[in-house]
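Colleague: Have a look at the structure that comes next, please.
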Amino acid sequence: MDKPKTTPKDFFLWVGAMIALYASVFAFISLIFDYLNYAFPDALQYYASDPYSGGVSYEMASLIVLFPIFIVLMHLIHRDINRDASRADTWVRRWALYLTLFIAAATLAADLITLIMYFFNGDVSLRFILKVLVIFLVAGGGFLHFLADLRGYWEHNAHKARVLGWAACALVVITIAAGFLIIGTPWQARLYRFDEQKVNDLTTIQYQIVNYWQAKQHLPAALFDLSDSISGFSAPLDPQSSTAYEYNTKGPLSFELCATFNAPTVQSNTARTVPMMAPTAIGAKGVPIQDNWQHGAGHVCFERTIDPSLYPPLNPRKP
């Protein structure tokens, strides 16, 4: 019996389905890894206060778009097979299934090798074990699913195939929804970005104040005094309220900068270290907040004192 001819429709349906599948699986695993990194942070790595500024938003978008495309393409493929059983024996289908089996098997082997290698090196942690488990379950599940498809199991158990499809969809939806519980909503992330920009602005203003003092041996009376038409500098405004930041002099060498923050500083290793800053901030209730720019929610003032031995005047006054 002659093998069925592969039509352009068969080719592009299978190629599109496999591309959507591989990209969806990669995005799914990467998203789970990001959740694990956020839940079990590594003290040696930097984590942005806004997790959506990294790959999380791209991975979520990829899953939301590509996984439904995969489901739709596979539905069209199986509809054609139900209409014409010979479509199940096209070379593009066999190549797609065998290629997927090969990739899944290779991933499982690499996963086990990595686990054993890290075990011998004594670097096994809970986060690493969970990542290995995620890869093992995804690759193992994919291998078993497509092996069953190659042997015609799903053709004779269409009800189970539909249940599995709905379960996969539910897993993707739950994974995306869980991200909002683990790392917060995009709206919360926007508030974190506002806070981060405020800290950046205060850092810039403080730098200019120290330069001003070094040049003139007295603190500026107001932030407007920092304006420089030659360099083009002017004190930035609060990006959220478009108002000026609060600035007060506390003495010949001391001043404070204040801002209103939306949320407390994210407790991770994202705290900034700027040498010219004294590590003291005063919260809204007068409670000291340690570290350079760590803050609570609400109105927070950061008190700074210039040390002339560390920042000597550029043109010292003659006695």
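Here's how to read the names in the structure tokens: chain A, B, ... by the order shown, residue numbers from 1 in each chain, ligand numbers from 1 in the order shown.
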Report as a PDB file with N, CA and C atoms, in the first residue's frame all protein, DNA and RNA residues lying within 12 Å of stretch 21-30 of chain A, evaluated on only C-alpha atoms, omitting residues in the same chain fewer than 4 positions from it.

Modeller:
```
ATOM      1  N   LEU A  13       0.995  22.591   9.210  1.00  0.00           N
ATOM      2  CA  LEU A  13       0.286  22.342  10.462  1.00  0.00           C
ATOM      3  C   LEU A  13       1.201  21.690  11.492  1.00  0.00           C
ATOM      4  N   TRP A  14       1.952  20.673  11.066  1.00  0.00           N
ATOM      5  CA  TRP A  14       2.836  19.986  12.001  1.00  0.00           C
ATOM      6  C   TRP A  14       4.024  20.858  12.402  1.00  0.00           C
ATOM      7  N   VAL A  15       4.617  21.554  11.443  1.00  0.00           N
ATOM      8  CA  VAL A  15       5.745  22.436  11.784  1.00  0.00           C
ATOM      9  C   VAL A  15       5.286  23.531  12.741  1.00  0.00           C
ATOM     10  N   GLY A  16       4.143  24.145  12.453  1.00  0.00           N
ATOM     11  CA  GLY A  16       3.621  25.184  13.341  1.00  0.00           C
ATOM     12  C   GLY A  16       3.295  24.648  14.713  1.00  0.00           C
ATOM     13  N   ALA A  17       2.715  23.445  14.764  1.00  0.00           N
ATOM     14  CA  ALA A  17       2.363  22.855  16.055  1.00  0.00           C
ATOM     15  C   ALA A  17       3.610  22.540  16.876  1.00  0.00           C
ATOM     16  N   ASP A  34      11.611  30.914  37.246  1.00  0.00           N
ATOM     17  CA  ASP A  34      11.571  32.271  37.793  1.00  0.00           C
ATOM     18  C   ASP A  34      10.797  32.307  39.109  1.00  0.00           C
ATOM     19  N   TYR A  35       9.710  31.553  39.171  1.00  0.00           N
ATOM     20  CA  TYR A  35       8.959  31.482  40.426  1.00  0.00           C
ATOM     21  C   TYR A  35       9.829  30.895  41.539  1.00  0.00           C
ATOM     22  N   LEU A  36      10.570  29.838  41.214  1.00  0.00           N
ATOM     23  CA  LEU A  36      11.428  29.205  42.220  1.00  0.00           C
ATOM     24  C   LEU A  36      12.555  30.146  42.637  1.00  0.00           C
ATOM     25  N   ASN A  37      13.122  30.882  41.675  1.00  0.00           N
ATOM     26  CA  ASN A  37      14.166  31.852  42.019  1.00  0.00           C
ATOM     27  C   ASN A  37      13.629  32.931  42.947  1.00  0.00           C
ATOM     28  N   GLY A  54      12.018  41.466  34.052  1.00  0.00           N
ATOM     29  CA  GLY A  54      12.876  40.448  33.477  1.00  0.00           C
ATOM     30  C   GLY A  54      12.132  39.616  32.453  1.00  0.00           C
ATOM     31  N   GLY A  55      12.367  38.302  32.493  1.00  0.00           N
ATOM     32  CA  GLY A  55      11.763  37.432  31.494  1.00  0.00           C
ATOM     33  C   GLY A  55      10.370  36.965  31.829  1.00  0.00           C
ATOM     34  N   VAL A  56       9.880  37.259  33.042  1.00  0.00           N
ATOM     35  CA  VAL A  56       8.583  36.736  33.451  1.00  0.00           C
ATOM     36  C   VAL A  56       7.467  37.207  32.520  1.00  0.00           C
ATOM     37  N   SER A  57       7.454  38.501  32.197  1.00  0.00           N
ATOM     38  CA  SER A  57       6.383  39.014  31.346  1.00  0.00           C
ATOM     39  C   SER A  57       6.427  38.369  29.964  1.00  0.00           C
ATOM     40  N   TYR A  58       7.646  38.168  29.421  1.00  0.00           N
ATOM     41  CA  TYR A  58       7.772  37.539  28.101  1.00  0.00           C
ATOM     42  C   TYR A  58       7.315  36.082  28.158  1.00  0.00           C
ATOM     43  N   GLU A  59       7.682  35.388  29.227  1.00  0.00           N
ATOM     44  CA  GLU A  59       7.290  33.979  29.350  1.00  0.00           C
ATOM     45  C   GLU A  59       5.784  33.837  29.507  1.00  0.00           C
ATOM     46  N   MET A  60       5.173  34.712  30.296  1.00  0.00           N
ATOM     47  CA  MET A  60       3.716  34.680  30.440  1.00  0.00           C
ATOM     48  C   MET A  60       3.039  34.956  29.102  1.00  0.00           C
ATOM     49  N   ALA A  61       3.528  35.981  28.402  1.00  0.00           N
ATOM     50  CA  ALA A  61       2.932  36.315  27.103  1.00  0.00           C
ATOM     51  C   ALA A  61       3.095  35.169  26.111  1.00  0.00           C
ATOM     52  N   SER A  62       4.260  34.520  26.136  1.00  0.00           N
ATOM     53  CA  SER A  62       4.491  33.394  25.227  1.00  0.00           C
ATOM     54  C   SER A  62       3.510  32.263  25.495  1.00  0.00           C
ATOM     55  N   LEU A  63       3.296  31.960  26.770  1.00  0.00           N
ATOM     56  CA  LEU A  63       2.350  30.894  27.115  1.00  0.00           C
ATOM     57  C   LEU A  63       0.932  31.265  26.709  1.00  0.00           C
ATOM     58  N   ILE A  64       0.539  32.506  26.972  1.00  0.00           N
ATOM     59  CA  ILE A  64      -0.825  32.936  26.687  1.00  0.00           C
ATOM     60  C   ILE A  64      -1.114  32.872  25.189  1.00  0.00           C
ATOM     61  N   VAL A  65      -0.100  33.145  24.364  1.00  0.00           N
ATOM     62  CA  VAL A  65      -0.312  33.183  22.913  1.00  0.00           C
ATOM     63  C   VAL A  65      -0.027  31.833  22.260  1.00  0.00           C
ATOM     64  N   LEU A  66       1.127  31.239  22.574  1.00  0.00           N
ATOM     65  CA  LEU A  66       1.586  30.069  21.826  1.00  0.00           C
ATOM     66  C   LEU A  66       0.892  28.774  22.232  1.00  0.00           C
ATOM     67  N   PHE A  67       0.582  28.610  23.509  1.00  0.00           N
ATOM     68  CA  PHE A  67      -0.048  27.341  23.902  1.00  0.00           C
ATOM     69  C   PHE A  67      -1.428  27.173  23.265  1.00  0.00           C
ATOM     70  N   PRO A  68      -2.289  28.210  23.259  1.00  0.00           N
ATOM     71  CA  PRO A  68      -3.558  28.038  22.529  1.00  0.00           C
ATOM     72  C   PRO A  68      -3.356  27.759  21.041  1.00  0.00           C
ATOM     73  N   ILE A  69      -2.309  28.362  20.447  1.00  0.00           N
ATOM     74  CA  ILE A  69      -2.026  28.073  19.033  1.00  0.00           C
ATOM     75  C   ILE A  69      -1.709  26.596  18.856  1.00  0.00           C
ATOM     76  N   PHE A  70      -0.900  26.037  19.759  1.00  0.00           N
ATOM     77  CA  PHE A  70      -0.586  24.606  19.693  1.00  0.00           C
ATOM     78  C   PHE A  70      -1.852  23.760  19.805  1.00  0.00           C
ATOM     79  N   ILE A  71      -2.729  24.119  20.752  1.00  0.00           N
ATOM     80  CA  ILE A  71      -3.965  23.359  20.938  1.00  0.00           C
ATOM     81  C   ILE A  71      -4.823  23.410  19.676  1.00  0.00           C
ATOM     82  N   VAL A  72      -4.942  24.591  19.088  1.00  0.00           N
ATOM     83  CA  VAL A  72      -5.777  24.745  17.882  1.00  0.00           C
ATOM     84  C   VAL A  72      -5.189  23.950  16.712  1.00  0.00           C
ATOM     85  N   LEU A  73      -3.864  24.039  16.521  1.00  0.00           N
ATOM     86  CA  LEU A  73      -3.237  23.314  15.409  1.00  0.00           C
ATOM     87  C   LEU A  73      -3.379  21.800  15.581  1.00  0.00           C
ATOM     88  N   MET A  74      -3.195  21.320  16.804  1.00  0.00           N
ATOM     89  CA  MET A  74      -3.356  19.877  17.032  1.00  0.00           C
ATOM     90  C   MET A  74      -4.808  19.450  16.829  1.00  0.00           C
ATOM     91  N   ALA A  96       7.844  14.461  13.162  1.00  0.00           N
ATOM     92  CA  ALA A  96       7.544  15.363  14.279  1.00  0.00           C
ATOM     93  C   ALA A  96       7.471  14.595  15.595  1.00  0.00           C
ATOM     94  N   LEU A  97       6.822  13.442  15.575  1.00  0.00           N
ATOM     95  CA  LEU A  97       6.681  12.664  16.805  1.00  0.00           C
ATOM     96  C   LEU A  97       8.018  12.077  17.244  1.00  0.00           C
ATOM     97  N   LEU A  99      11.010  13.188  16.496  1.00  0.00           N
ATOM     98  CA  LEU A  99      11.888  14.280  16.923  1.00  0.00           C
ATOM     99  C   LEU A  99      11.548  14.718  18.345  1.00  0.00           C
ATOM    100  N   THR A 100      10.255  14.790  18.641  1.00  0.00           N
ATOM    101  CA  THR A 100       9.833  15.186  19.984  1.00  0.00           C
ATOM    102  C   THR A 100      10.239  14.136  21.016  1.00  0.00           C
ATOM    103  N   ILE A 103      14.009  14.567  21.613  1.00  0.00           N
ATOM    104  CA  ILE A 103      14.318  15.738  22.442  1.00  0.00           C
ATOM    105  C   ILE A 103      13.929  15.479  23.892  1.00  0.00           C
ATOM    106  N   ALA A 104      12.767  14.863  24.105  1.00  0.00           N
ATOM    107  CA  ALA A 104      12.330  14.578  25.472  1.00  0.00           C
ATOM    108  C   ALA A 104      13.270  13.587  26.155  1.00  0.00           C
ATOM    109  N   THR A 107      16.532  15.284  26.968  1.00  0.00           N
ATOM    110  CA  THR A 107      16.352  16.190  28.105  1.00  0.00           C
ATOM    111  C   THR A 107      16.325  15.424  29.412  1.00  0.00           C
ATOM    112  N   LEU A 130      13.938  21.087  42.983  1.00  0.00           N
ATOM    113  CA  LEU A 130      12.625  21.394  42.412  1.00  0.00           C
ATOM    114  C   LEU A 130      12.727  21.687  40.914  1.00  0.00           C
ATOM    115  N   LYS A 131      13.798  22.369  40.498  1.00  0.00           N
ATOM    116  CA  LYS A 131      13.986  22.642  39.075  1.00  0.00           C
ATOM    117  C   LYS A 131      14.204  21.343  38.305  1.00  0.00           C
ATOM    118  N   VAL A 132      15.020  20.456  38.856  1.00  0.00           N
ATOM    119  CA  VAL A 132      15.250  19.161  38.205  1.00  0.00           C
ATOM    120  C   VAL A 132      13.946  18.387  38.107  1.00  0.00           C
ATOM    121  N   LEU A 133      13.145  18.444  39.166  1.00  0.00           N
ATOM    122  CA  LEU A 133      11.865  17.731  39.174  1.00  0.00           C
ATOM    123  C   LEU A 133      10.925  18.294  38.113  1.00  0.00           C
ATOM    124  N   VAL A 134      10.912  19.615  37.963  1.00  0.00           N
ATOM    125  CA  VAL A 134      10.052  20.236  36.943  1.00  0.00           C
ATOM    126  C   VAL A 134      10.438  19.741  35.553  1.00  0.00           C
ATOM    127  N   ILE A 135      11.741  19.762  35.245  1.00  0.00           N
ATOM    128  CA  ILE A 135      12.189  19.302  33.928  1.00  0.00           C
ATOM    129  C   ILE A 135      11.854  17.825  33.733  1.00  0.00           C
ATOM    130  N   PHE A 136      12.066  17.033  34.779  1.00  0.00           N
ATOM    131  CA  PHE A 136      11.802  15.592  34.684  1.00  0.00           C
ATOM    132  C   PHE A 136      10.321  15.327  34.400  1.00  0.00           C
ATOM    133  N   LEU A 137       9.443  16.038  35.099  1.00  0.00           N
ATOM    134  CA  LEU A 137       8.011  15.814  34.912  1.00  0.00           C
ATOM    135  C   LEU A 137       7.552  16.289  33.543  1.00  0.00           C
ATOM    136  N   VAL A 138       8.038  17.456  33.105  1.00  0.00           N
ATOM    137  CA  VAL A 138       7.613  17.980  31.802  1.00  0.00           C
ATOM    138  C   VAL A 138       8.140  17.103  30.672  1.00  0.00           C
ATOM    139  N   ALA A 139       9.440  16.802  30.702  1.00  0.00           N
ATOM    140  CA  ALA A 139      10.023  15.981  29.639  1.00  0.00           C
ATOM    141  C   ALA A 139       9.468  14.562  29.675  1.00  0.00           C
ATOM    142  N   GLY A 141       6.540  13.568  30.925  1.00  0.00           N
ATOM    143  CA  GLY A 141       5.147  13.593  30.481  1.00  0.00           C
ATOM    144  C   GLY A 141       5.030  13.744  28.982  1.00  0.00           C
ATOM    145  N   GLY A 142       5.876  14.610  28.402  1.00  0.00           N
ATOM    146  CA  GLY A 142       5.853  14.777  26.947  1.00  0.00           C
ATOM    147  C   GLY A 142       6.267  13.517  26.222  1.00  0.00           C
ATOM    148  N   PHE A 146       3.641  11.544  23.617  1.00  0.00           N
ATOM    149  CA  PHE A 146       3.878  11.402  22.176  1.00  0.00           C
ATOM    150  C   PHE A 146       4.222   9.957  21.807  1.00  0.00           C
ATOM    151  N   ALA A 168      -4.051  19.929  30.572  1.00  0.00           N
ATOM    152  CA  ALA A 168      -2.882  20.730  30.194  1.00  0.00           C
ATOM    153  C   ALA A 168      -3.231  22.218  30.168  1.00  0.00           C
ATOM    154  N   CYS A 169      -4.416  22.535  29.632  1.00  0.00           N
ATOM    155  CA  CYS A 169      -4.855  23.936  29.611  1.00  0.00           C
ATOM    156  C   CYS A 169      -5.012  24.475  31.029  1.00  0.00           C
ATOM    157  N   LEU A 171      -3.470  23.439  33.684  1.00  0.00           N
ATOM    158  CA  LEU A 171      -2.142  23.587  34.287  1.00  0.00           C
ATOM    159  C   LEU A 171      -1.492  24.898  33.868  1.00  0.00           C
ATOM    160  N   VAL A 172      -1.605  25.244  32.587  1.00  0.00           N
ATOM    161  CA  VAL A 172      -1.025  26.504  32.103  1.00  0.00           C
ATOM    162  C   VAL A 172      -1.708  27.695  32.760  1.00  0.00           C
ATOM    163  N   VAL A 173      -3.045  27.650  32.843  1.00  0.00           N
ATOM    164  CA  VAL A 173      -3.786  28.757  33.458  1.00  0.00           C
ATOM    165  C   VAL A 173      -3.413  28.906  34.930  1.00  0.00           C
ATOM    166  N   ILE A 174      -3.324  27.784  35.634  1.00  0.00           N
ATOM    167  CA  ILE A 174      -2.968  27.821  37.058  1.00  0.00           C
ATOM    168  C   ILE A 174      -1.550  28.345  37.240  1.00  0.00           C
ATOM    169  N   THR A 175      -0.653  27.946  36.351  1.00  0.00           N
ATOM    170  CA  THR A 175       0.736  28.415  36.449  1.00  0.00           C
ATOM    171  C   THR A 175       0.824  29.924  36.284  1.00  0.00           C
ATOM    172  N   ILE A 176       0.097  30.457  35.309  1.00  0.00           N
ATOM    173  CA  ILE A 176       0.109  31.907  35.108  1.00  0.00           C
ATOM    174  C   ILE A 176      -0.557  32.624  36.277  1.00  0.00           C
ATOM    175  N   GLY A 179       1.507  32.931  39.404  1.00  0.00           N
ATOM    176  CA  GLY A 179       2.530  33.973  39.380  1.00  0.00           C
ATOM    177  C   GLY A 179       2.063  35.247  40.055  1.00  0.00           C
TER     178      GLY A 179
END
```

Colleague: Fewer than 5 positions away in the same chain doesn't count, so skip those; otherwise give me all residues within 6 Å of A:Ala297, counting only C-alpha atoms, as a PDB file with N, CA and C atoms, in the first residue's frame.

Modeller:
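As written to disk, selection_31.pdb reads:
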```pdb
ATOM      1  N   PHE A 261       6.601  56.615  49.504  1.00  0.00           N
ATOM      2  CA  PHE A 261       6.755  55.337  48.815  1.00  0.00           C
ATOM      3  C   PHE A 261       5.465  54.531  48.901  1.00  0.00           C
ATOM      4  N   ASN A 262       5.278  53.685  47.902  1.00  0.00           N
ATOM      5  CA  ASN A 262       4.059  52.878  47.820  1.00  0.00           C
ATOM      6  C   ASN A 262       4.119  51.616  48.659  1.00  0.00           C
ATOM      7  N   ALA A 263       5.310  51.070  48.843  1.00  0.00           N
ATOM      8  CA  ALA A 263       5.450  49.793  49.543  1.00  0.00           C
ATOM      9  C   ALA A 263       6.819  49.733  50.192  1.00  0.00           C
ATOM     10  N   PRO A 264       6.978  48.860  51.177  1.00  0.00           N
ATOM     11  CA  PRO A 264       8.304  48.694  51.778  1.00  0.00           C
ATOM     12  C   PRO A 264       9.295  48.137  50.766  1.00  0.00           C
TER      13      PRO A 264
END
```

Colleague: So what do you get for atom CA of A:Phe40 versus atom CA of A:Tyr192, distance-wise?

Modeller: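 Between atom CA of A:Phe40 and atom CA of A:Tyr192 the gap is 19.9 Å.
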
Colleague: Between A:Leu219, A:Met18, A:Ala235, A:Leu126, single out the one closest to A:Leu253, counting only C-alpha atoms.

Modeller: A:Leu219

Colleague: Show which residues sit within 9 Å of stretch 198-210 of chain A, as a list of chain:residue names. Count only C-alpha atoms, and ignore same-chain residues fewer than 6 positions away.

Modeller: A:Leu219, A:Pro220, A:Leu223, A:Leu226, A:Ala235, A:Pro236, A:Leu237, A:Asp238, A:Pro239, A:Gln240, A:Tyr245, A:Leu257, A:Cys258, A:Ala259, A:Thr260, A:Phe261, A:Val274, A:Met276, A:Met277, A:Trp293, A:Arg304, A:Ile306, A:Tyr311

Colleague: Those residues you just picked out, can you put them in a file as a CSV table (one decimal), in the first residue's frame with N, CA and C atoms?

Modeller:
```csv
chain,number,residue,atom,x,y,z
A,219,LEU,N,25.6,74.1,52.1
A,219,LEU,CA,24.5,73.4,51.4
A,219,LEU,C,23.6,74.3,50.7
A,220,PRO,N,22.9,73.8,49.6
A,220,PRO,CA,22.0,74.6,48.9
A,220,PRO,C,20.8,74.9,49.8
A,223,LEU,N,16.3,72.9,46.5
A,223,LEU,CA,16.7,72.0,45.3
A,223,LEU,C,16.9,72.8,44.1
A,226,LEU,N,20.3,73.8,42.8
A,226,LEU,CA,21.2,72.8,42.1
A,226,LEU,C,21.1,72.9,40.6
A,235,ALA,N,16.8,69.4,39.4
A,235,ALA,CA,16.4,68.3,40.3
A,235,ALA,C,15.1,67.6,39.7
A,236,PRO,N,15.2,66.3,39.6
A,236,PRO,CA,14.0,65.6,39.1
A,236,PRO,C,12.8,65.7,40.0
A,237,LEU,N,11.6,65.5,39.4
A,237,LEU,CA,10.4,65.5,40.2
A,237,LEU,C,9.9,64.1,40.5
A,238,ASP,N,9.1,63.9,41.5
A,238,ASP,CA,8.5,62.6,41.8
A,238,ASP,C,7.8,62.1,40.6
A,239,PRO,N,8.1,61.0,40.0
A,239,PRO,CA,7.5,60.5,38.8
A,239,PRO,C,6.0,60.2,39.0
A,240,GLN,N,5.6,59.9,40.2
A,240,GLN,CA,4.2,59.5,40.4
A,240,GLN,C,3.3,60.7,40.7
A,245,TYR,N,10.6,66.7,45.3
A,245,TYR,CA,11.0,66.0,46.5
A,245,TYR,C,11.2,66.9,47.6
A,257,LEU,N,16.5,64.1,52.7
A,257,LEU,CA,15.7,64.0,51.5
A,257,LEU,C,14.5,63.1,51.8
A,258,CYS,N,13.3,63.5,51.4
A,258,CYS,CA,12.1,62.8,51.7
A,258,CYS,C,11.3,62.4,50.5
A,259,ALA,N,10.6,61.3,50.5
A,259,ALA,CA,9.7,60.9,49.4
A,259,ALA,C,8.6,60.1,50.0
A,260,THR,N,7.6,59.9,49.3
A,260,THR,CA,6.5,59.0,49.7
A,260,THR,C,6.5,57.8,48.8
A,261,PHE,N,6.6,56.6,49.5
A,261,PHE,CA,6.8,55.3,48.8
A,261,PHE,C,5.5,54.5,48.9
A,274,VAL,N,25.6,52.9,48.3
A,274,VAL,CA,26.2,54.1,47.7
A,274,VAL,C,27.2,54.7,48.7
A,276,MET,N,28.6,57.5,49.4
A,276,MET,CA,28.5,58.8,50.0
A,276,MET,C,27.3,58.9,51.0
A,277,MET,N,26.6,57.8,51.2
A,277,MET,CA,25.4,57.9,52.1
A,277,MET,C,25.6,57.3,53.4
A,293,TRP,N,19.1,52.8,51.4
A,293,TRP,CA,17.8,53.3,50.8
A,293,TRP,C,16.7,52.4,51.1
A,304,ARG,N,21.3,62.6,55.9
A,304,ARG,CA,22.6,62.4,55.4
A,304,ARG,C,23.5,63.5,56.0
A,306,ILE,N,27.5,65.0,55.5
A,306,ILE,CA,28.7,65.0,54.7
A,306,ILE,C,29.9,65.0,55.6
A,311,TYR,N,34.8,63.8,51.6
A,311,TYR,CA,34.5,64.7,50.5
A,311,TYR,C,35.0,66.1,50.7
```

Colleague: Would you work out the distance separating atom CA of A:Arg151 from atom CA of A:Leu112, expressed in Å to one decimal?

Modeller: 26.4 Å

Colleague: As a CSV table (one decimal) with C-alpha atoms, in the first residue's frame, please: every residue in stretch 65-306 of chain A that a backbone DSSP assignment puts in strand (DSSP E or B).

Modeller:
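So selection.csv came out as:
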```csv
chain,number,residue,atom,x,y,z
A,228,ASP,CA,22.8,74.3,36.2
A,233,PHE,CA,20.8,69.5,35.4
A,237,LEU,CA,10.4,65.5,40.2
A,244,ALA,CA,9.3,68.2,43.9
A,246,GLU,CA,11.2,67.3,50.0
A,247,TYR,CA,14.6,68.7,51.0
A,248,ASN,CA,15.6,70.2,54.4
A,249,THR,CA,18.9,71.3,55.8
A,254,SER,CA,23.5,67.6,57.4
A,255,PHE,CA,20.4,67.4,55.3
A,256,GLU,CA,17.5,65.2,54.6
A,257,LEU,CA,15.7,64.0,51.5
A,258,CYS,CA,12.1,62.8,51.7
A,259,ALA,CA,9.7,60.9,49.4
A,260,THR,CA,6.5,59.0,49.7
A,261,PHE,CA,6.8,55.3,48.8
A,280,THR,CA,20.3,55.8,58.4
A,281,ALA,CA,16.8,56.7,57.3
A,282,ILE,CA,14.0,57.9,59.5
A,288,PRO,CA,15.3,54.3,62.1
A,289,ILE,CA,15.5,52.1,59.0
A,290,GLN,CA,18.8,50.5,58.4
A,298,GLY,CA,4.5,56.1,53.2
A,299,HIS,CA,6.5,59.2,53.9
A,300,VAL,CA,10.1,58.4,54.6
A,301,CYS,CA,13.1,60.8,55.1
A,302,PHE,CA,16.7,59.9,54.6
A,303,GLU,CA,19.1,61.9,56.8
A,304,ARG,CA,22.6,62.4,55.4
A,305,THR,CA,25.7,64.0,56.9
```

Colleague: In Å, rounded to a single decimal, give me how far atom CA of A:Tyr38 is from atom CA of A:Leu181.

Modeller: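 If I compute the distance from atom CA of A:Leu181 to atom CA of A:Tyr38, I get 11.6 Å.
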
Colleague: May I ask which of the residues A:Thr114, A:Thr243, A:Ser125, A:Thr90 is the closest one to A:Lys9, counting only C-alpha atoms?

Modeller: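 Closest candidate: A:Thr90.
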